[in-house]
Every structure is written in C-alpha cells, then in structure tokens.
Amino acid sequence: MKLTVSKEAAQWYIKELDLVPGDSIKFFGKVYGPHGGFSFAIHKQDPTDPLTLVTVEGINFYVERFDEWFFSDKDLDITMREDGYEPHYDVIMK
C-alpha cells in the first residue's frame, strides 16, 4: 500500500486538529462504508507497528500493520479539495 499526503492537506490537518511537529495521524479501517462495506477513519495516535508512514510538514501519517487487511489492495492519496474546504481522499484499488 502506498500512502501520500500533499503539503496542503497536511497543513489542513495541522490547523484543524491543532497538531504540532512530531504528532501522528493514524488511518484505519472501519465497518460501514463505500469500499465493500468498509471505509477508513483517522485518529491522532502515535504509531506502534506502522505498515507505512510518511512525514509531511513535521506530521507523521501512517497505517498500522494491524490494518493491512483493509489497505493491502489500496493506495491512499490525500490532497485538498479544489475549494480548499477539506481534504480529498482518493482510494486507488490495485
């Protein structure tokens, strides 16, 4: 799985979630959603066993190995919507 986060999206997270350099955002699978009955959510939490981790603007964005069941056949590309209101999540099936 590949995880990418644009600089603009990282800045949105920093502002909206009052993040400081070194903070971490976890993406994880959850029940009920558009991807085979599942979707993903976020949580501010330090990683324990990351499957993938990228650092943008001093913030760690990651998926734990525990959530590989949901992300193994997907790439997640996070950018900002054109209107700048919130992030856009592009889930790319491999």
# chains A, B, ... in the order shown; residues from 1 in each chain; ligands from 1
call {"tool": "residues_around", "arguments": {"residues": "Ile92 of chain A", "least_positions_apart": "5", "cutoff": "7 Å", "atoms": "only C-alpha atoms", "output": "list of chain:residue names"}}
result
A:Lys74, A:Asp75, A:Leu76
call {"tool": "residues_around", "arguments": {"residues": "segment 14-24 of chain A", "least_positions_apart": "6", "cutoff": "9 Å", "atoms": "only C-alpha atoms", "output": "PDB file with all heavy atoms, in the first residue's frame"}}
result
ATOM      1  N   HIS A  43      -7.293   8.937  13.445  1.00  0.00           N
ATOM      2  CA  HIS A  43      -7.173   9.103  14.889  1.00  0.00           C
ATOM      3  C   HIS A  43      -5.791   9.678  15.182  1.00  0.00           C
ATOM      4  O   HIS A  43      -4.801   9.242  14.582  1.00  0.00           O
ATOM      5  CB  HIS A  43      -7.338   7.754  15.590  1.00  0.00           C
ATOM      6  CG  HIS A  43      -7.323   7.837  17.074  1.00  0.00           C
ATOM      7  ND1 HIS A  43      -8.311   8.451  17.798  1.00  0.00           N
ATOM      8  CD2 HIS A  43      -6.428   7.372  17.981  1.00  0.00           C
ATOM      9  CE1 HIS A  43      -8.036   8.358  19.079  1.00  0.00           C
ATOM     10  NE2 HIS A  43      -6.893   7.715  19.216  1.00  0.00           N
ATOM     11  N   LYS A  44      -5.716  10.655  16.071  1.00  0.00           N
ATOM     12  CA  LYS A  44      -4.427  11.187  16.498  1.00  0.00           C
ATOM     13  C   LYS A  44      -3.838  10.209  17.511  1.00  0.00           C
ATOM     14  O   LYS A  44      -4.359  10.054  18.611  1.00  0.00           O
ATOM     15  CB  LYS A  44      -4.603  12.566  17.119  1.00  0.00           C
ATOM     16  CG  LYS A  44      -3.314  13.201  17.562  1.00  0.00           C
ATOM     17  CD  LYS A  44      -3.561  14.568  18.178  1.00  0.00           C
ATOM     18  CE  LYS A  44      -2.297  15.076  18.823  1.00  0.00           C
ATOM     19  NZ  LYS A  44      -2.531  16.309  19.583  1.00  0.00           N
ATOM     20  N   GLN A  45      -2.774   9.524  17.096  1.00  0.00           N
ATOM     21  CA  GLN A  45      -2.187   8.469  17.927  1.00  0.00           C
ATOM     22  C   GLN A  45      -0.784   8.170  17.420  1.00  0.00           C
ATOM     23  O   GLN A  45      -0.544   8.167  16.212  1.00  0.00           O
ATOM     24  CB  GLN A  45      -3.064   7.224  17.832  1.00  0.00           C
ATOM     25  CG  GLN A  45      -2.594   6.044  18.613  1.00  0.00           C
ATOM     26  CD  GLN A  45      -3.547   4.864  18.467  1.00  0.00           C
ATOM     27  OE1 GLN A  45      -4.700   5.008  18.067  1.00  0.00           O
ATOM     28  NE2 GLN A  45      -3.063   3.689  18.783  1.00  0.00           N
ATOM     29  N   ASP A  46       0.137   7.899  18.326  1.00  0.00           N
ATOM     30  CA  ASP A  46       1.490   7.530  17.928  1.00  0.00           C
ATOM     31  C   ASP A  46       1.502   6.120  17.361  1.00  0.00           C
ATOM     32  O   ASP A  46       0.775   5.240  17.845  1.00  0.00           O
ATOM     33  CB  ASP A  46       2.445   7.605  19.118  1.00  0.00           C
ATOM     34  CG  ASP A  46       2.723   9.034  19.552  1.00  0.00           C
ATOM     35  OD1 ASP A  46       2.609   9.949  18.715  1.00  0.00           O
ATOM     36  OD2 ASP A  46       3.050   9.233  20.734  1.00  0.00           O
ATOM     37  N   PRO A  47       2.332   5.874  16.339  1.00  0.00           N
ATOM     38  CA  PRO A  47       2.399   4.533  15.749  1.00  0.00           C
ATOM     39  C   PRO A  47       3.072   3.531  16.683  1.00  0.00           C
ATOM     40  O   PRO A  47       3.921   3.892  17.493  1.00  0.00           O
ATOM     41  CB  PRO A  47       3.230   4.754  14.486  1.00  0.00           C
ATOM     42  CG  PRO A  47       4.005   5.997  14.718  1.00  0.00           C
ATOM     43  CD  PRO A  47       3.200   6.830  15.663  1.00  0.00           C
ATOM     44  N   THR A  55       6.037  11.365   6.505  1.00  0.00           N
ATOM     45  CA  THR A  55       6.093  12.580   7.311  1.00  0.00           C
ATOM     46  C   THR A  55       6.001  13.774   6.378  1.00  0.00           C
ATOM     47  O   THR A  55       6.801  13.903   5.449  1.00  0.00           O
ATOM     48  CB  THR A  55       7.389  12.635   8.136  1.00  0.00           C
ATOM     49  OG1 THR A  55       7.458  11.466   8.954  1.00  0.00           O
ATOM     50  CG2 THR A  55       7.422  13.872   9.027  1.00  0.00           C
ATOM     51  N   GLU A  57       5.282  18.054   6.551  1.00  0.00           N
ATOM     52  CA  GLU A  57       5.165  19.236   7.401  1.00  0.00           C
ATOM     53  C   GLU A  57       5.374  18.887   8.881  1.00  0.00           C
ATOM     54  O   GLU A  57       4.751  19.478   9.762  1.00  0.00           O
ATOM     55  CB  GLU A  57       3.809  19.920   7.202  1.00  0.00           C
ATOM     56  CG  GLU A  57       3.577  20.465   5.808  1.00  0.00           C
ATOM     57  CD  GLU A  57       4.411  21.699   5.498  1.00  0.00           C
ATOM     58  OE1 GLU A  57       4.149  22.767   6.068  1.00  0.00           O
ATOM     59  OE2 GLU A  57       5.344  21.577   4.657  1.00  0.00           O
ATOM     60  N   GLY A  58       6.224  17.895   9.151  1.00  0.00           N
ATOM     61  CA  GLY A  58       6.538  17.511  10.522  1.00  0.00           C
ATOM     62  C   GLY A  58       5.531  16.586  11.186  1.00  0.00           C
ATOM     63  O   GLY A  58       5.686  16.212  12.345  1.00  0.00           O
ATOM     64  N   ILE A  59       4.477  16.196  10.458  1.00  0.00           N
ATOM     65  CA  ILE A  59       3.430  15.325  10.992  1.00  0.00           C
ATOM     66  C   ILE A  59       3.573  13.937  10.370  1.00  0.00           C
ATOM     67  O   ILE A  59       3.761  13.811   9.158  1.00  0.00           O
ATOM     68  CB  ILE A  59       2.016  15.885  10.704  1.00  0.00           C
ATOM     69  CG1 ILE A  59       1.888  17.327  11.185  1.00  0.00           C
ATOM     70  CG2 ILE A  59       0.938  14.987  11.290  1.00  0.00           C
ATOM     71  CD1 ILE A  59       2.140  17.537  12.669  1.00  0.00           C
ATOM     72  N   ASN A  60       3.476  12.904  11.191  1.00  0.00           N
ATOM     73  CA  ASN A  60       3.533  11.521  10.709  1.00  0.00           C
ATOM     74  C   ASN A  60       2.123  11.051  10.364  1.00  0.00           C
ATOM     75  O   ASN A  60       1.222  11.120  11.200  1.00  0.00           O
ATOM     76  CB  ASN A  60       4.118  10.608  11.791  1.00  0.00           C
ATOM     77  CG  ASN A  60       5.493  11.039  12.204  1.00  0.00           C
ATOM     78  OD1 ASN A  60       6.364  11.249  11.364  1.00  0.00           O
ATOM     79  ND2 ASN A  60       5.710  11.189  13.494  1.00  0.00           N
ATOM     80  N   PHE A  61       1.956  10.590   9.149  1.00  0.00           N
ATOM     81  CA  PHE A  61       0.698   9.998   8.690  1.00  0.00           C
ATOM     82  C   PHE A  61       0.999   8.528   8.435  1.00  0.00           C
ATOM     83  O   PHE A  61       1.978   8.206   7.753  1.00  0.00           O
ATOM     84  CB  PHE A  61       0.223  10.680   7.402  1.00  0.00           C
ATOM     85  CG  PHE A  61      -0.090  12.129   7.581  1.00  0.00           C
ATOM     86  CD1 PHE A  61       0.890  13.099   7.392  1.00  0.00           C
ATOM     87  CD2 PHE A  61      -1.364  12.541   7.935  1.00  0.00           C
ATOM     88  CE1 PHE A  61       0.602  14.449   7.556  1.00  0.00           C
ATOM     89  CE2 PHE A  61      -1.664  13.885   8.108  1.00  0.00           C
ATOM     90  CZ  PHE A  61      -0.679  14.841   7.926  1.00  0.00           C
ATOM     91  N   TYR A  62       0.160   7.636   8.959  1.00  0.00           N
ATOM     92  CA  TYR A  62       0.528   6.225   8.861  1.00  0.00           C
ATOM     93  C   TYR A  62      -0.683   5.301   8.909  1.00  0.00           C
ATOM     94  O   TYR A  62      -1.791   5.693   9.260  1.00  0.00           O
ATOM     95  CB  TYR A  62       1.499   5.861   9.987  1.00  0.00           C
ATOM     96  CG  TYR A  62       0.861   5.824  11.352  1.00  0.00           C
ATOM     97  CD1 TYR A  62       0.448   4.620  11.907  1.00  0.00           C
ATOM     98  CD2 TYR A  62       0.646   6.984  12.088  1.00  0.00           C
ATOM     99  CE1 TYR A  62      -0.141   4.563  13.153  1.00  0.00           C
ATOM    100  CE2 TYR A  62       0.064   6.948  13.339  1.00  0.00           C
ATOM    101  CZ  TYR A  62      -0.340   5.737  13.865  1.00  0.00           C
ATOM    102  OH  TYR A  62      -0.935   5.692  15.093  1.00  0.00           O
TER     103      TYR A  62
END
call {"tool": "select_by_dssp", "arguments": {"residues": "chain A", "states": "strand (DSSP E)", "output": "PyMOL selection string"}}
result
chain A and resi 3-5+24-35+38-44+50-56+59-64+74-80+87-93
call {"tool": "atom_distance", "arguments": {"atom1": "atom CA of Tyr89 of chain A", "atom2": "atom CA of Phe71 of chain A"}}
result
13.4 Å
call {"tool": "residues_around", "arguments": {"residues": "Leu3 of chain A", "least_positions_apart": "2", "cutoff": "8 Å", "atoms": "only C-alpha atoms", "output": "list of chain:residue names"}}
result
A:Met1, A:Val5, A:Thr52, A:Leu53, A:Val54, A:Tyr62, A:Asp75, A:Leu76, A:Asp77, A:Ile78
call {"tool": "write_last_selection", "arguments": {"atoms": "N, CA, C and O atoms", "output": "PDB file, in the first residue's frame"}}
result
ATOM      1  N   MET A   1       0.845  -1.174   0.000  1.00  0.00           N
ATOM      2  CA  MET A   1       0.000   0.000   0.000  1.00  0.00           C
ATOM      3  C   MET A   1       0.880   1.222   0.000  1.00  0.00           C
ATOM      4  O   MET A   1       1.917   1.245   0.618  1.00  0.00           O
ATOM      5  N   VAL A   5       0.406  12.168   1.107  1.00  0.00           N
ATOM      6  CA  VAL A   5      -0.318  13.290   1.697  1.00  0.00           C
ATOM      7  C   VAL A   5       0.308  14.560   1.145  1.00  0.00           C
ATOM      8  O   VAL A   5       1.525  14.769   1.285  1.00  0.00           O
ATOM      9  N   THR A  52       2.989   1.484   6.814  1.00  0.00           N
ATOM     10  CA  THR A  52       3.548   2.557   6.008  1.00  0.00           C
ATOM     11  C   THR A  52       3.430   3.851   6.796  1.00  0.00           C
ATOM     12  O   THR A  52       2.484   4.025   7.568  1.00  0.00           O
ATOM     13  N   LEU A  53       4.404   4.739   6.616  1.00  0.00           N
ATOM     14  CA  LEU A  53       4.425   6.011   7.336  1.00  0.00           C
ATOM     15  C   LEU A  53       5.086   7.047   6.454  1.00  0.00           C
ATOM     16  O   LEU A  53       6.143   6.781   5.879  1.00  0.00           O
ATOM     17  N   VAL A  54       4.457   8.211   6.341  1.00  0.00           N
ATOM     18  CA  VAL A  54       5.057   9.344   5.639  1.00  0.00           C
ATOM     19  C   VAL A  54       5.005  10.548   6.570  1.00  0.00           C
ATOM     20  O   VAL A  54       4.061  10.704   7.343  1.00  0.00           O
ATOM     21  N   TYR A  62       0.160   7.636   8.959  1.00  0.00           N
ATOM     22  CA  TYR A  62       0.528   6.225   8.861  1.00  0.00           C
ATOM     23  C   TYR A  62      -0.683   5.301   8.909  1.00  0.00           C
ATOM     24  O   TYR A  62      -1.791   5.693   9.260  1.00  0.00           O
ATOM     25  N   ASP A  75      -4.162   2.017  -2.497  1.00  0.00           N
ATOM     26  CA  ASP A  75      -3.281   3.139  -2.229  1.00  0.00           C
ATOM     27  C   ASP A  75      -4.177   4.286  -1.795  1.00  0.00           C
ATOM     28  O   ASP A  75      -5.331   4.385  -2.232  1.00  0.00           O
ATOM     29  N   LEU A  76      -3.665   5.135  -0.933  1.00  0.00           N
ATOM     30  CA  LEU A  76      -4.438   6.260  -0.424  1.00  0.00           C
ATOM     31  C   LEU A  76      -3.678   7.542  -0.726  1.00  0.00           C
ATOM     32  O   LEU A  76      -2.551   7.729  -0.262  1.00  0.00           O
ATOM     33  N   ASP A  77      -4.286   8.411  -1.521  1.00  0.00           N
ATOM     34  CA  ASP A  77      -3.688   9.680  -1.932  1.00  0.00           C
ATOM     35  C   ASP A  77      -4.555  10.799  -1.356  1.00  0.00           C
ATOM     36  O   ASP A  77      -5.742  10.906  -1.705  1.00  0.00           O
ATOM     37  N   ILE A  78      -3.987  11.613  -0.483  1.00  0.00           N
ATOM     38  CA  ILE A  78      -4.740  12.665   0.193  1.00  0.00           C
ATOM     39  C   ILE A  78      -4.256  14.020  -0.297  1.00  0.00           C
ATOM     40  O   ILE A  78      -3.080  14.362  -0.144  1.00  0.00           O
TER      41      ILE A  78
END
call {"tool": "residues_around", "arguments": {"residues": "Met80 of chain A", "least_positions_apart": "4", "cutoff": "9 Å", "atoms": "only C-alpha atoms", "output": "mmCIF file with all heavy atoms, in the first residue's frame"}}
result
data_model
loop_
_atom_site.group_PDB
_atom_site.id
_atom_site.type_symbol
_atom_site.label_atom_id
_atom_site.label_comp_id
_atom_site.auth_asym_id
_atom_site.auth_seq_id
_atom_site.Cartn_x
_atom_site.Cartn_y
_atom_site.Cartn_z
ATOM 1 N N SER A 6 -0.497 15.402 0.518
ATOM 2 C CA SER A 6 0.041 16.649 -0.021
ATOM 3 C C SER A 6 0.373 17.612 1.108
ATOM 4 O O SER A 6 -0.164 17.519 2.226
ATOM 5 C CB SER A 6 -0.957 17.303 -0.988
ATOM 6 O OG SER A 6 -2.040 17.876 -0.274
ATOM 7 N N GLU A 8 -0.469 20.691 1.302
ATOM 8 C CA GLU A 8 -1.676 21.462 1.618
ATOM 9 C C GLU A 8 -2.616 20.673 2.535
ATOM 10 O O GLU A 8 -3.203 21.233 3.459
ATOM 11 C CB GLU A 8 -2.397 21.870 0.329
ATOM 12 C CG GLU A 8 -1.612 22.811 -0.557
ATOM 13 C CD GLU A 8 -0.532 22.125 -1.398
ATOM 14 O OE1 GLU A 8 -0.530 20.875 -1.498
ATOM 15 O OE2 GLU A 8 0.328 22.847 -1.937
ATOM 16 N N ALA A 9 -2.755 19.382 2.282
ATOM 17 C CA ALA A 9 -3.604 18.553 3.136
ATOM 18 C C ALA A 9 -3.001 18.456 4.541
ATOM 19 O O ALA A 9 -3.713 18.547 5.537
ATOM 20 C CB ALA A 9 -3.793 17.166 2.533
ATOM 21 N N TRP A 12 -3.810 21.463 6.455
ATOM 22 C CA TRP A 12 -5.203 21.461 6.911
ATOM 23 C C TRP A 12 -5.323 20.656 8.205
ATOM 24 O O TRP A 12 -5.947 21.105 9.164
ATOM 25 C CB TRP A 12 -6.114 20.870 5.833
ATOM 26 C CG TRP A 12 -7.551 20.870 6.204
ATOM 27 C CD1 TRP A 12 -8.461 21.861 5.952
ATOM 28 C CD2 TRP A 12 -8.272 19.833 6.891
ATOM 29 N NE1 TRP A 12 -9.693 21.503 6.443
ATOM 30 C CE2 TRP A 12 -9.611 20.265 7.028
ATOM 31 C CE3 TRP A 12 -7.916 18.593 7.404
ATOM 32 C CZ2 TRP A 12 -10.579 19.489 7.657
ATOM 33 C CZ3 TRP A 12 -8.886 17.822 8.031
ATOM 34 C CH2 TRP A 12 -10.199 18.281 8.153
ATOM 35 N N GLY A 84 -10.692 24.062 -1.198
ATOM 36 C CA GLY A 84 -9.857 24.244 -0.025
ATOM 37 C C GLY A 84 -10.549 23.981 1.294
ATOM 38 O O GLY A 84 -9.989 24.221 2.355
ATOM 39 N N TYR A 85 -11.777 23.455 1.243
ATOM 40 C CA TYR A 85 -12.579 23.273 2.450
ATOM 41 C C TYR A 85 -12.097 22.114 3.331
ATOM 42 O O TYR A 85 -12.089 22.210 4.547
ATOM 43 C CB TYR A 85 -14.048 23.093 2.068
ATOM 44 C CG TYR A 85 -14.970 22.910 3.238
ATOM 45 C CD1 TYR A 85 -15.246 23.959 4.109
ATOM 46 C CD2 TYR A 85 -15.550 21.676 3.499
ATOM 47 C CE1 TYR A 85 -16.079 23.793 5.198
ATOM 48 C CE2 TYR A 85 -16.389 21.490 4.586
ATOM 49 C CZ TYR A 85 -16.648 22.557 5.430
ATOM 50 O OH TYR A 85 -17.464 22.381 6.510
ATOM 51 N N GLU A 86 -11.725 21.024 2.697
ATOM 52 C CA GLU A 86 -11.300 19.839 3.444
ATOM 53 C C GLU A 86 -10.499 18.933 2.526
ATOM 54 O O GLU A 86 -10.482 19.109 1.302
ATOM 55 C CB GLU A 86 -12.505 19.082 4.007
ATOM 56 C CG GLU A 86 -13.434 18.543 2.962
ATOM 57 C CD GLU A 86 -14.694 17.918 3.541
ATOM 58 O OE1 GLU A 86 -14.989 18.094 4.734
ATOM 59 O OE2 GLU A 86 -15.382 17.241 2.779
ATOM 60 N N PRO A 87 -9.826 17.918 3.089
ATOM 61 C CA PRO A 87 -9.059 17.004 2.256
ATOM 62 C C PRO A 87 -9.947 16.160 1.331
ATOM 63 O O PRO A 87 -11.098 15.894 1.633
ATOM 64 C CB PRO A 87 -8.355 16.098 3.275
ATOM 65 C CG PRO A 87 -8.316 16.879 4.538
ATOM 66 C CD PRO A 87 -9.592 17.677 4.522
ATOM 67 N N HIS A 88 -9.331 15.752 0.248
ATOM 68 C CA HIS A 88 -9.949 14.825 -0.703
ATOM 69 C C HIS A 88 -9.178 13.514 -0.585
ATOM 70 O O HIS A 88 -7.943 13.498 -0.635
ATOM 71 C CB HIS A 88 -9.857 15.365 -2.129
ATOM 72 C CG HIS A 88 -10.260 14.365 -3.153
ATOM 73 N ND1 HIS A 88 -11.570 14.041 -3.395
ATOM 74 C CD2 HIS A 88 -9.508 13.596 -3.980
ATOM 75 C CE1 HIS A 88 -11.612 13.113 -4.339
ATOM 76 N NE2 HIS A 88 -10.384 12.832 -4.701
ATOM 77 N N TYR A 89 -9.905 12.420 -0.400
ATOM 78 C CA TYR A 89 -9.300 11.105 -0.239
ATOM 79 C C TYR A 89 -9.540 10.298 -1.503
ATOM 80 O O TYR A 89 -10.670 10.009 -1.849
ATOM 81 C CB TYR A 89 -9.915 10.379 0.951
ATOM 82 C CG TYR A 89 -9.760 11.161 2.239
ATOM 83 C CD1 TYR A 89 -10.781 11.989 2.699
ATOM 84 C CD2 TYR A 89 -8.584 11.098 2.963
ATOM 85 C CE1 TYR A 89 -10.636 12.715 3.869
ATOM 86 C CE2 TYR A 89 -8.440 11.822 4.146
ATOM 87 C CZ TYR A 89 -9.467 12.616 4.573
ATOM 88 O OH TYR A 89 -9.308 13.353 5.736
#
call {"tool": "decode", "arguments": {"residues": "segment 3-15 of chain A", "atoms": "all heavy atoms", "output": "compact mmCIF listing (two decimals), in the first residue's frame"}}
result
# COMPACT_ATOMS: atom_id res chain seq x y z
N LEU A 3 0.89 5.39 0.64
CA LEU A 3 0.20 6.50 1.28
C LEU A 3 0.91 7.79 0.89
O LEU A 3 2.12 7.90 1.08
CB LEU A 3 0.22 6.32 2.80
CG LEU A 3 -0.29 7.48 3.65
CD1 LEU A 3 -1.77 7.73 3.39
CD2 LEU A 3 -0.06 7.18 5.13
N THR A 4 0.14 8.73 0.32
CA THR A 4 0.71 10.04 0.01
C THR A 4 -0.21 11.11 0.59
O THR A 4 -1.43 10.97 0.58
CB THR A 4 0.87 10.27 -1.51
OG1 THR A 4 -0.39 10.09 -2.16
CG2 THR A 4 1.87 9.30 -2.11
N VAL A 5 0.41 12.17 1.11
CA VAL A 5 -0.32 13.29 1.70
C VAL A 5 0.31 14.56 1.15
O VAL A 5 1.53 14.77 1.29
CB VAL A 5 -0.22 13.29 3.24
CG1 VAL A 5 -0.98 14.45 3.83
CG2 VAL A 5 -0.72 11.97 3.81
N SER A 6 -0.50 15.40 0.52
CA SER A 6 0.04 16.65 -0.02
C SER A 6 0.37 17.61 1.11
O SER A 6 -0.16 17.52 2.23
CB SER A 6 -0.96 17.30 -0.99
OG SER A 6 -2.04 17.88 -0.27
N LYS A 7 1.26 18.55 0.81
CA LYS A 7 1.64 19.58 1.78
C LYS A 7 0.41 20.37 2.24
O LYS A 7 0.24 20.65 3.42
CB LYS A 7 2.67 20.50 1.14
CG LYS A 7 3.15 21.62 2.02
CD LYS A 7 4.19 22.46 1.29
CE LYS A 7 4.58 23.67 2.12
NZ LYS A 7 5.59 24.49 1.44
N GLU A 8 -0.47 20.69 1.30
CA GLU A 8 -1.68 21.46 1.62
C GLU A 8 -2.62 20.67 2.54
O GLU A 8 -3.20 21.23 3.46
CB GLU A 8 -2.40 21.87 0.33
CG GLU A 8 -1.61 22.81 -0.56
CD GLU A 8 -0.53 22.13 -1.40
OE1 GLU A 8 -0.53 20.88 -1.50
OE2 GLU A 8 0.33 22.85 -1.94
N ALA A 9 -2.75 19.38 2.28
CA ALA A 9 -3.60 18.55 3.14
C ALA A 9 -3.00 18.46 4.54
O ALA A 9 -3.71 18.55 5.54
CB ALA A 9 -3.79 17.17 2.53
N ALA A 10 -1.68 18.28 4.62
CA ALA A 10 -1.02 18.22 5.93
C ALA A 10 -1.26 19.52 6.70
O ALA A 10 -1.53 19.49 7.91
CB ALA A 10 0.47 17.96 5.76
N GLN A 11 -1.19 20.64 6.02
CA GLN A 11 -1.41 21.93 6.67
C GLN A 11 -2.85 22.03 7.18
O GLN A 11 -3.11 22.61 8.24
CB GLN A 11 -1.08 23.07 5.72
CG GLN A 11 0.40 23.18 5.45
CD GLN A 11 0.75 24.13 4.31
OE1 GLN A 11 -0.12 24.57 3.54
NE2 GLN A 11 2.02 24.44 4.17
N TRP A 12 -3.81 21.46 6.46
CA TRP A 12 -5.20 21.46 6.91
C TRP A 12 -5.32 20.66 8.21
O TRP A 12 -5.95 21.10 9.16
CB TRP A 12 -6.11 20.87 5.83
CG TRP A 12 -7.55 20.87 6.20
CD1 TRP A 12 -8.46 21.86 5.95
CD2 TRP A 12 -8.27 19.83 6.89
NE1 TRP A 12 -9.69 21.50 6.44
CE2 TRP A 12 -9.61 20.27 7.03
CE3 TRP A 12 -7.92 18.59 7.40
CZ2 TRP A 12 -10.58 19.49 7.66
CZ3 TRP A 12 -8.89 17.82 8.03
CH2 TRP A 12 -10.20 18.28 8.15
N TYR A 13 -4.73 19.47 8.24
CA TYR A 13 -4.75 18.64 9.46
C TYR A 13 -4.13 19.40 10.63
O TYR A 13 -4.64 19.38 11.75
CB TYR A 13 -4.01 17.32 9.26
CG TYR A 13 -4.78 16.29 8.47
CD1 TYR A 13 -4.45 16.00 7.16
CD2 TYR A 13 -5.83 15.59 9.05
CE1 TYR A 13 -5.14 15.05 6.44
CE2 TYR A 13 -6.53 14.63 8.33
CZ TYR A 13 -6.18 14.37 7.03
OH TYR A 13 -6.86 13.43 6.31
N ILE A 14 -2.99 20.05 10.38
CA ILE A 14 -2.30 20.79 11.43
C ILE A 14 -3.22 21.86 12.02
O ILE A 14 -3.35 21.97 13.24
CB ILE A 14 -1.00 21.42 10.89
CG1 ILE A 14 0.02 20.32 10.58
CG2 ILE A 14 -0.43 22.44 11.87
CD1 ILE A 14 1.20 20.77 9.74
N LYS A 15 -3.88 22.60 11.15
CA LYS A 15 -4.77 23.68 11.61
C LYS A 15 -6.01 23.13 12.31
O LYS A 15 -6.37 23.56 13.41
CB LYS A 15 -5.18 24.54 10.42
CG LYS A 15 -6.09 25.68 10.79
CD LYS A 15 -6.49 26.49 9.57
CE LYS A 15 -7.51 27.55 9.97
NZ LYS A 15 -8.10 28.20 8.82
